[in-house]
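Asks: Contents of structure.txt (compact mmCIF, N, CA and C atoms) are below:
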```txt
# COMPACT_ATOMS: atom_id res chain seq x y z
N MET A 1 14.31 -11.84 11.38
CA MET A 1 13.09 -12.05 10.63
C MET A 1 13.47 -12.37 9.18
N PRO A 2 12.93 -13.45 8.64
CA PRO A 2 13.25 -13.78 7.24
C PRO A 2 12.62 -12.76 6.29
N ARG A 3 13.41 -12.31 5.38
CA ARG A 3 12.93 -11.33 4.39
C ARG A 3 12.90 -12.04 3.04
N PHE A 4 11.72 -12.22 2.50
CA PHE A 4 11.57 -13.02 1.29
C PHE A 4 10.81 -12.32 0.18
N ILE A 5 10.29 -11.13 0.42
CA ILE A 5 9.55 -10.43 -0.63
C ILE A 5 10.54 -9.65 -1.48
N THR A 6 10.78 -10.17 -2.66
CA THR A 6 11.74 -9.56 -3.58
C THR A 6 11.09 -8.42 -4.35
N LYS A 7 11.92 -7.70 -5.04
CA LYS A 7 11.43 -6.62 -5.91
C LYS A 7 10.42 -7.17 -6.92
N GLN A 8 10.70 -8.35 -7.47
CA GLN A 8 9.80 -8.95 -8.46
C GLN A 8 8.45 -9.32 -7.83
N ILE A 9 8.47 -9.96 -6.67
CA ILE A 9 7.22 -10.30 -5.99
C ILE A 9 6.43 -9.04 -5.68
N HIS A 10 7.13 -8.03 -5.18
CA HIS A 10 6.47 -6.76 -4.85
C HIS A 10 5.81 -6.16 -6.09
N ALA A 11 6.50 -6.21 -7.22
CA ALA A 11 5.95 -5.67 -8.46
C ALA A 11 4.63 -6.35 -8.81
N TYR A 12 4.57 -7.66 -8.61
CA TYR A 12 3.34 -8.40 -8.93
C TYR A 12 2.23 -8.15 -7.92
N LEU A 13 2.55 -7.68 -6.73
CA LEU A 13 1.54 -7.34 -5.73
C LEU A 13 0.96 -5.95 -5.96
N ASP A 14 1.74 -5.06 -6.55
CA ASP A 14 1.36 -3.65 -6.66
C ASP A 14 0.02 -3.41 -7.36
N TYR A 15 -0.16 -4.00 -8.51
CA TYR A 15 -1.37 -3.70 -9.29
C TYR A 15 -2.65 -4.25 -8.66
N PRO A 16 -2.66 -5.50 -8.17
CA PRO A 16 -3.88 -5.95 -7.49
C PRO A 16 -4.22 -5.11 -6.26
N VAL A 17 -3.19 -4.69 -5.53
CA VAL A 17 -3.43 -3.85 -4.35
C VAL A 17 -4.02 -2.50 -4.78
N ALA A 18 -3.45 -1.89 -5.79
CA ALA A 18 -3.96 -0.59 -6.26
C ALA A 18 -5.42 -0.71 -6.70
N PHE A 19 -5.72 -1.72 -7.51
CA PHE A 19 -7.11 -1.90 -7.97
C PHE A 19 -8.03 -2.26 -6.81
N GLY A 20 -7.52 -3.03 -5.85
CA GLY A 20 -8.31 -3.35 -4.67
C GLY A 20 -8.67 -2.12 -3.87
N LEU A 21 -7.72 -1.22 -3.69
CA LEU A 21 -8.00 0.02 -2.96
C LEU A 21 -9.03 0.89 -3.68
N ILE A 22 -9.05 0.81 -5.00
CA ILE A 22 -10.03 1.58 -5.77
C ILE A 22 -11.41 0.93 -5.72
N ILE A 23 -11.46 -0.39 -5.80
CA ILE A 23 -12.73 -1.11 -5.93
C ILE A 23 -13.38 -1.46 -4.59
N MET A 24 -12.58 -1.87 -3.60
CA MET A 24 -13.15 -2.38 -2.34
C MET A 24 -14.10 -1.42 -1.63
N PRO A 25 -13.89 -0.13 -1.65
CA PRO A 25 -14.83 0.74 -0.96
C PRO A 25 -16.26 0.66 -1.52
N PHE A 26 -16.39 0.27 -2.76
CA PHE A 26 -17.72 0.16 -3.35
C PHE A 26 -18.45 -1.10 -2.90
N LEU A 27 -17.71 -2.13 -2.47
CA LEU A 27 -18.32 -3.39 -2.10
C LEU A 27 -18.90 -3.40 -0.69
N PRO A 28 -18.13 -3.13 0.35
CA PRO A 28 -18.69 -3.26 1.70
C PRO A 28 -19.37 -2.02 2.24
N GLY A 29 -19.42 -0.95 1.48
CA GLY A 29 -20.03 0.28 1.99
C GLY A 29 -19.10 1.05 2.90
N LEU A 30 -17.85 1.07 2.55
CA LEU A 30 -16.87 1.81 3.34
C LEU A 30 -17.25 3.28 3.39
N GLY A 31 -17.05 3.91 4.50
CA GLY A 31 -17.36 5.33 4.67
C GLY A 31 -18.56 5.56 5.57
N SER A 32 -19.02 4.51 6.23
CA SER A 32 -20.21 4.66 7.07
C SER A 32 -19.96 5.52 8.31
N SER A 33 -18.74 5.51 8.84
CA SER A 33 -18.46 6.33 10.01
C SER A 33 -17.88 7.69 9.63
N ASN A 34 -17.36 7.78 8.41
CA ASN A 34 -16.74 9.02 7.97
C ASN A 34 -16.58 8.93 6.44
N GLU A 35 -17.14 9.87 5.71
CA GLU A 35 -17.07 9.84 4.25
C GLU A 35 -15.64 9.81 3.73
N LEU A 36 -14.73 10.35 4.49
CA LEU A 36 -13.32 10.37 4.08
C LEU A 36 -12.76 8.95 3.95
N ALA A 37 -13.31 8.01 4.69
CA ALA A 37 -12.84 6.62 4.62
C ALA A 37 -13.03 6.05 3.22
N PHE A 38 -14.07 6.43 2.55
CA PHE A 38 -14.32 5.97 1.18
C PHE A 38 -13.32 6.62 0.22
N GLY A 39 -13.25 7.93 0.24
CA GLY A 39 -12.41 8.68 -0.69
C GLY A 39 -10.92 8.45 -0.52
N LEU A 40 -10.48 8.26 0.72
CA LEU A 40 -9.06 8.05 0.98
C LEU A 40 -8.57 6.76 0.33
N SER A 41 -9.38 5.72 0.38
CA SER A 41 -8.99 4.45 -0.23
C SER A 41 -8.91 4.58 -1.74
N VAL A 42 -9.92 5.18 -2.34
CA VAL A 42 -9.94 5.34 -3.80
C VAL A 42 -8.77 6.20 -4.26
N ALA A 43 -8.55 7.32 -3.60
CA ALA A 43 -7.45 8.22 -3.98
C ALA A 43 -6.09 7.54 -3.80
N THR A 44 -5.95 6.78 -2.72
CA THR A 44 -4.69 6.08 -2.48
C THR A 44 -4.49 5.00 -3.54
N GLY A 45 -5.56 4.33 -3.94
CA GLY A 45 -5.47 3.32 -5.00
C GLY A 45 -5.03 3.92 -6.32
N VAL A 46 -5.58 5.07 -6.68
CA VAL A 46 -5.18 5.75 -7.91
C VAL A 46 -3.71 6.15 -7.83
N ALA A 47 -3.31 6.71 -6.69
CA ALA A 47 -1.91 7.11 -6.50
C ALA A 47 -0.99 5.88 -6.55
N ALA A 48 -1.41 4.77 -5.95
CA ALA A 48 -0.60 3.55 -5.96
C ALA A 48 -0.45 3.00 -7.39
N LEU A 49 -1.50 3.12 -8.17
CA LEU A 49 -1.44 2.67 -9.57
C LEU A 49 -0.43 3.52 -10.34
N ILE A 50 -0.50 4.82 -10.18
CA ILE A 50 0.44 5.72 -10.86
C ILE A 50 1.87 5.45 -10.39
N LEU A 51 2.05 5.28 -9.08
CA LEU A 51 3.37 4.98 -8.53
C LEU A 51 3.93 3.69 -9.13
N SER A 52 3.10 2.67 -9.24
CA SER A 52 3.53 1.39 -9.80
C SER A 52 3.92 1.52 -11.27
N LEU A 53 3.14 2.27 -12.00
CA LEU A 53 3.43 2.48 -13.43
C LEU A 53 4.77 3.19 -13.63
N LEU A 54 5.14 4.05 -12.68
CA LEU A 54 6.35 4.86 -12.81
C LEU A 54 7.57 4.28 -12.10
N THR A 55 7.40 3.16 -11.40
CA THR A 55 8.49 2.58 -10.61
C THR A 55 9.43 1.74 -11.48
N ASP A 56 10.70 1.81 -11.16
CA ASP A 56 11.72 1.03 -11.85
C ASP A 56 11.72 -0.40 -11.33
N HIS A 57 10.73 -1.18 -11.77
CA HIS A 57 10.69 -2.62 -11.52
C HIS A 57 10.08 -3.31 -12.73
N GLN A 58 10.03 -4.63 -12.72
CA GLN A 58 9.64 -5.41 -13.88
C GLN A 58 8.33 -4.96 -14.52
N LEU A 59 7.37 -4.53 -13.73
CA LEU A 59 6.07 -4.18 -14.28
C LEU A 59 5.86 -2.67 -14.40
N GLY A 60 6.92 -1.90 -14.15
CA GLY A 60 6.83 -0.46 -14.34
C GLY A 60 6.76 -0.14 -15.83
N VAL A 61 5.95 0.82 -16.20
CA VAL A 61 5.80 1.17 -17.61
C VAL A 61 6.81 2.22 -18.02
N MET A 62 6.98 3.26 -17.19
CA MET A 62 7.93 4.32 -17.53
C MET A 62 9.24 4.21 -16.74
N ARG A 63 9.22 3.58 -15.60
CA ARG A 63 10.42 3.28 -14.78
C ARG A 63 11.30 4.50 -14.50
N VAL A 64 10.67 5.57 -14.05
CA VAL A 64 11.42 6.78 -13.75
C VAL A 64 11.66 6.98 -12.25
N LEU A 65 10.94 6.26 -11.40
CA LEU A 65 11.10 6.40 -9.96
C LEU A 65 11.87 5.21 -9.40
N PRO A 66 12.84 5.47 -8.54
CA PRO A 66 13.59 4.35 -7.97
C PRO A 66 12.70 3.49 -7.08
N TYR A 67 13.00 2.21 -7.08
CA TYR A 67 12.25 1.26 -6.26
C TYR A 67 12.33 1.62 -4.78
N SER A 68 13.46 2.16 -4.35
CA SER A 68 13.61 2.55 -2.95
C SER A 68 12.59 3.63 -2.56
N LEU A 69 12.31 4.55 -3.48
CA LEU A 69 11.29 5.57 -3.23
C LEU A 69 9.92 4.91 -3.12
N HIS A 70 9.65 3.97 -4.00
CA HIS A 70 8.39 3.23 -3.97
C HIS A 70 8.19 2.57 -2.61
N LEU A 71 9.23 1.89 -2.12
CA LEU A 71 9.14 1.23 -0.81
C LEU A 71 8.90 2.25 0.31
N ALA A 72 9.56 3.38 0.24
CA ALA A 72 9.38 4.42 1.26
C ALA A 72 7.94 4.94 1.25
N VAL A 73 7.40 5.16 0.06
CA VAL A 73 6.01 5.63 -0.04
C VAL A 73 5.06 4.57 0.51
N ASP A 74 5.31 3.30 0.19
CA ASP A 74 4.48 2.22 0.73
C ASP A 74 4.51 2.23 2.25
N GLY A 75 5.69 2.42 2.83
CA GLY A 75 5.81 2.46 4.28
C GLY A 75 5.03 3.62 4.89
N ILE A 76 5.09 4.76 4.24
CA ILE A 76 4.34 5.94 4.73
C ILE A 76 2.85 5.68 4.63
N VAL A 77 2.40 5.11 3.51
CA VAL A 77 0.97 4.80 3.34
C VAL A 77 0.52 3.81 4.40
N GLY A 78 1.33 2.77 4.66
CA GLY A 78 0.97 1.81 5.69
C GLY A 78 0.80 2.47 7.04
N ALA A 79 1.73 3.34 7.40
CA ALA A 79 1.65 4.05 8.69
C ALA A 79 0.43 4.97 8.74
N VAL A 80 0.17 5.69 7.66
CA VAL A 80 -0.99 6.59 7.62
C VAL A 80 -2.29 5.78 7.77
N PHE A 81 -2.36 4.65 7.10
CA PHE A 81 -3.57 3.82 7.19
C PHE A 81 -3.76 3.29 8.61
N VAL A 82 -2.69 2.89 9.28
CA VAL A 82 -2.81 2.40 10.65
C VAL A 82 -3.27 3.52 11.58
N LEU A 83 -2.78 4.73 11.35
CA LEU A 83 -3.12 5.87 12.21
C LEU A 83 -4.46 6.51 11.86
N ALA A 84 -4.94 6.31 10.64
CA ALA A 84 -6.16 6.98 10.17
C ALA A 84 -7.37 6.80 11.10
N PRO A 85 -7.64 5.61 11.61
CA PRO A 85 -8.81 5.47 12.48
C PRO A 85 -8.74 6.37 13.72
N PHE A 86 -7.53 6.54 14.25
CA PHE A 86 -7.36 7.36 15.46
C PHE A 86 -7.40 8.85 15.13
N VAL A 87 -6.71 9.23 14.08
CA VAL A 87 -6.59 10.64 13.71
C VAL A 87 -7.87 11.17 13.07
N LEU A 88 -8.49 10.35 12.23
CA LEU A 88 -9.66 10.81 11.48
C LEU A 88 -10.99 10.34 12.07
N GLY A 89 -10.94 9.57 13.15
CA GLY A 89 -12.15 9.14 13.83
C GLY A 89 -12.92 8.05 13.11
N PHE A 90 -12.24 7.21 12.36
CA PHE A 90 -12.92 6.10 11.69
C PHE A 90 -13.36 5.09 12.75
N LEU A 91 -14.55 4.54 12.57
CA LEU A 91 -15.08 3.55 13.52
C LEU A 91 -15.54 2.31 12.77
N GLY A 92 -15.75 1.23 13.48
CA GLY A 92 -16.33 0.02 12.92
C GLY A 92 -15.57 -0.50 11.72
N LEU A 93 -16.32 -0.76 10.63
CA LEU A 93 -15.74 -1.30 9.41
C LEU A 93 -14.65 -0.39 8.86
N ASP A 94 -14.87 0.90 8.92
CA ASP A 94 -13.86 1.85 8.41
C ASP A 94 -12.54 1.69 9.17
N ALA A 95 -12.61 1.61 10.48
CA ALA A 95 -11.40 1.46 11.29
C ALA A 95 -10.72 0.13 11.01
N ALA A 96 -11.49 -0.93 10.92
CA ALA A 96 -10.92 -2.25 10.66
C ALA A 96 -10.25 -2.31 9.29
N TYR A 97 -10.91 -1.74 8.28
CA TYR A 97 -10.39 -1.73 6.92
C TYR A 97 -9.01 -1.06 6.88
N TYR A 98 -8.92 0.14 7.44
CA TYR A 98 -7.66 0.88 7.39
C TYR A 98 -6.59 0.26 8.28
N SER A 99 -6.96 -0.21 9.45
CA SER A 99 -5.98 -0.85 10.33
C SER A 99 -5.41 -2.11 9.69
N ASP A 100 -6.29 -2.94 9.12
CA ASP A 100 -5.85 -4.20 8.51
C ASP A 100 -4.99 -3.97 7.28
N ILE A 101 -5.41 -3.09 6.41
CA ILE A 101 -4.63 -2.82 5.20
C ILE A 101 -3.31 -2.16 5.56
N GLY A 102 -3.34 -1.20 6.47
CA GLY A 102 -2.11 -0.53 6.89
C GLY A 102 -1.11 -1.50 7.48
N ALA A 103 -1.58 -2.37 8.36
CA ALA A 103 -0.69 -3.35 8.98
C ALA A 103 -0.12 -4.30 7.92
N THR A 104 -0.95 -4.72 6.98
CA THR A 104 -0.49 -5.62 5.92
C THR A 104 0.59 -4.96 5.08
N VAL A 105 0.37 -3.71 4.71
CA VAL A 105 1.37 -2.99 3.92
C VAL A 105 2.68 -2.88 4.69
N LEU A 106 2.61 -2.58 5.96
CA LEU A 106 3.83 -2.48 6.78
C LEU A 106 4.55 -3.82 6.88
N VAL A 107 3.82 -4.90 6.97
CA VAL A 107 4.44 -6.23 7.01
C VAL A 107 5.14 -6.52 5.68
N VAL A 108 4.47 -6.23 4.57
CA VAL A 108 5.07 -6.47 3.25
C VAL A 108 6.36 -5.65 3.10
N VAL A 109 6.32 -4.39 3.48
CA VAL A 109 7.53 -3.56 3.39
C VAL A 109 8.61 -4.11 4.33
N GLY A 110 8.21 -4.54 5.51
CA GLY A 110 9.16 -5.08 6.47
C GLY A 110 9.79 -6.40 6.03
N LEU A 111 9.10 -7.14 5.20
CA LEU A 111 9.61 -8.44 4.72
C LEU A 111 10.36 -8.31 3.40
N HIS A 112 10.60 -7.06 2.96
CA HIS A 112 11.32 -6.83 1.71
C HIS A 112 12.74 -7.36 1.81
N LYS A 113 13.13 -8.12 0.81
CA LYS A 113 14.48 -8.66 0.71
C LYS A 113 15.31 -7.74 -0.17
N SER A 114 16.40 -7.24 0.38
CA SER A 114 17.27 -6.34 -0.37
C SER A 114 17.88 -7.05 -1.56
N ASP A 115 18.06 -6.33 -2.65
CA ASP A 115 18.69 -6.88 -3.86
C ASP A 115 20.20 -7.02 -3.70
N THR A 116 20.75 -6.29 -2.77
CA THR A 116 22.21 -6.33 -2.59
C THR A 116 22.58 -7.40 -1.58
N ALA A 117 23.60 -8.15 -1.89
CA ALA A 117 24.07 -9.20 -0.99
C ALA A 117 24.89 -8.57 0.13
N VAL A 118 24.66 -9.05 1.33
CA VAL A 118 25.40 -8.58 2.51
C VAL A 118 26.48 -9.61 2.80
N PRO A 119 27.75 -9.19 2.91
CA PRO A 119 28.82 -10.16 3.20
C PRO A 119 28.62 -10.80 4.57
N ALA A 120 28.99 -12.06 4.67
CA ALA A 120 28.81 -12.79 5.93
C ALA A 120 29.89 -12.46 6.93
```
As structure tokens, how would this structure be written, given the file I've shared?
Replies:
Amino acid sequence: MPRFITKQIHAYLDYPVAFGLIIMPFLPGLGSSNELAFGLSVATGVAALILSLLTDHQLGVMRVLPYSLHLAVDGIVGAVFVLAPFVLGFLGLDAAYYSDIGATVLVVVGLHKSDTAVPA
């Protein structure tokens, strides 16, 4: 599988994703099957914003957390979002929202291109 999402590209994706997770629940009425569906997105967005601000990448403000930790957290969030509809009983729009975002996050993490060159 070609891996083309670099640390720099990932850094530029972080902030729109964080703000999207905070704002999107207000637009489509997320939380209709379970109130937790609304709050989980907003809380995750706030946490993602803080994580991005603290990550050691081009757009990190304090750069105290290693990028590898950031990627691991993203992977965990993606998995939690994919599982949330089943574990938390999200239905309809709530289930689709979490499944789609979770799968997208997992794809982005899976397409990460390592900064270190691998000898041929």
Asks: Considering only helix (DSSP H, G or I) as DSSP defines it on the backbone, what residues of chain A qualify? List them as a PyMOL selection string.
Replies: chain A and resi 7-26+35-54+67-88+92-110
Asks: Check the smallest atom-to-atom distance from each of A:Asp94, A:Glu35, A:Asp100, A:Asp115 to Ile5 of chain A using only C-alpha atoms, then report the winner.
Replies: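 Comparing A:Asp94, A:Glu35, A:Asp100, A:Asp115 against Ile5 of chain A, the winner is A:Asp115.
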Asks: Please measure the separation of atom N of Ile9 of chain A and atom C of Ile22 of chain A, giving the value in Å to one decimal.
Replies: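 Atom-to-atom, atom N of Ile9 of chain A and atom C of Ile22 of chain A are spaced 22.7 Å apart.
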Asks: Quick one: distance from atom CA of Tyr98 of chain A to atom C of Phe81 of chain A in Å, one decimal?
Replies: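 Atom C of Phe81 of chain A lies at a distance of 4.7 Å from atom CA of Tyr98 of chain A.
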Asks: Expressed in Å to a single decimal, how great is the separation between atom CA of Met24 of chain A and atom CA of Gly45 of chain A?
Replies: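 Going from atom CA of Met24 of chain A over to atom CA of Gly45 of chain A covers 9.9 Å.
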Asks: For Val107 of chain A, which of A:Val73, A:Leu27, A:Ala37, A:Ala79 is the closest residue, counting only C-alpha atoms?
Replies: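 Ranking A:Val73, A:Leu27, A:Ala37, A:Ala79 by distance to Val107 of chain A, first place goes to A:Ala79.
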Asks: Given all atoms listed in the file as the basis, pick out the residue of A:Val109, A:Tyr97, A:Gly39, A:Gly31 nearest to Asp74 of chain A.
Replies: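 Of the candidates, the smallest distance to Asp74 of chain A is held by A:Val109.
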Asks: Could you give me, as JSON, numbers by chain, the residues within 6.5 Å of Pro66 of chain A, counting all atoms listed in the file and dropping anything in the same chain fewer than 4 positions from it?
Replies: {"A": [54, 55, 56, 70, 71]}
Asks: Produce a file of the selected residues containing N, CA and C atoms, as a PDB file, in the coordinates of the input.
Replies:
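As a result, again.pdb now contains:
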```pdb
ATOM      1  N   LEU A  54       5.140   4.050 -12.680  1.00  0.00           N
ATOM      2  CA  LEU A  54       6.350   4.860 -12.810  1.00  0.00           C
ATOM      3  C   LEU A  54       7.570   4.280 -12.100  1.00  0.00           C
ATOM      4  N   THR A  55       7.400   3.160 -11.400  1.00  0.00           N
ATOM      5  CA  THR A  55       8.490   2.580 -10.610  1.00  0.00           C
ATOM      6  C   THR A  55       9.430   1.740 -11.480  1.00  0.00           C
ATOM      7  N   ASP A  56      10.700   1.810 -11.160  1.00  0.00           N
ATOM      8  CA  ASP A  56      11.720   1.030 -11.850  1.00  0.00           C
ATOM      9  C   ASP A  56      11.720  -0.400 -11.330  1.00  0.00           C
ATOM     10  N   HIS A  70       9.650   3.970  -4.000  1.00  0.00           N
ATOM     11  CA  HIS A  70       8.390   3.230  -3.970  1.00  0.00           C
ATOM     12  C   HIS A  70       8.190   2.570  -2.610  1.00  0.00           C
ATOM     13  N   LEU A  71       9.230   1.890  -2.120  1.00  0.00           N
ATOM     14  CA  LEU A  71       9.140   1.230  -0.810  1.00  0.00           C
ATOM     15  C   LEU A  71       8.900   2.250   0.310  1.00  0.00           C
TER      16      LEU A  71
END
```
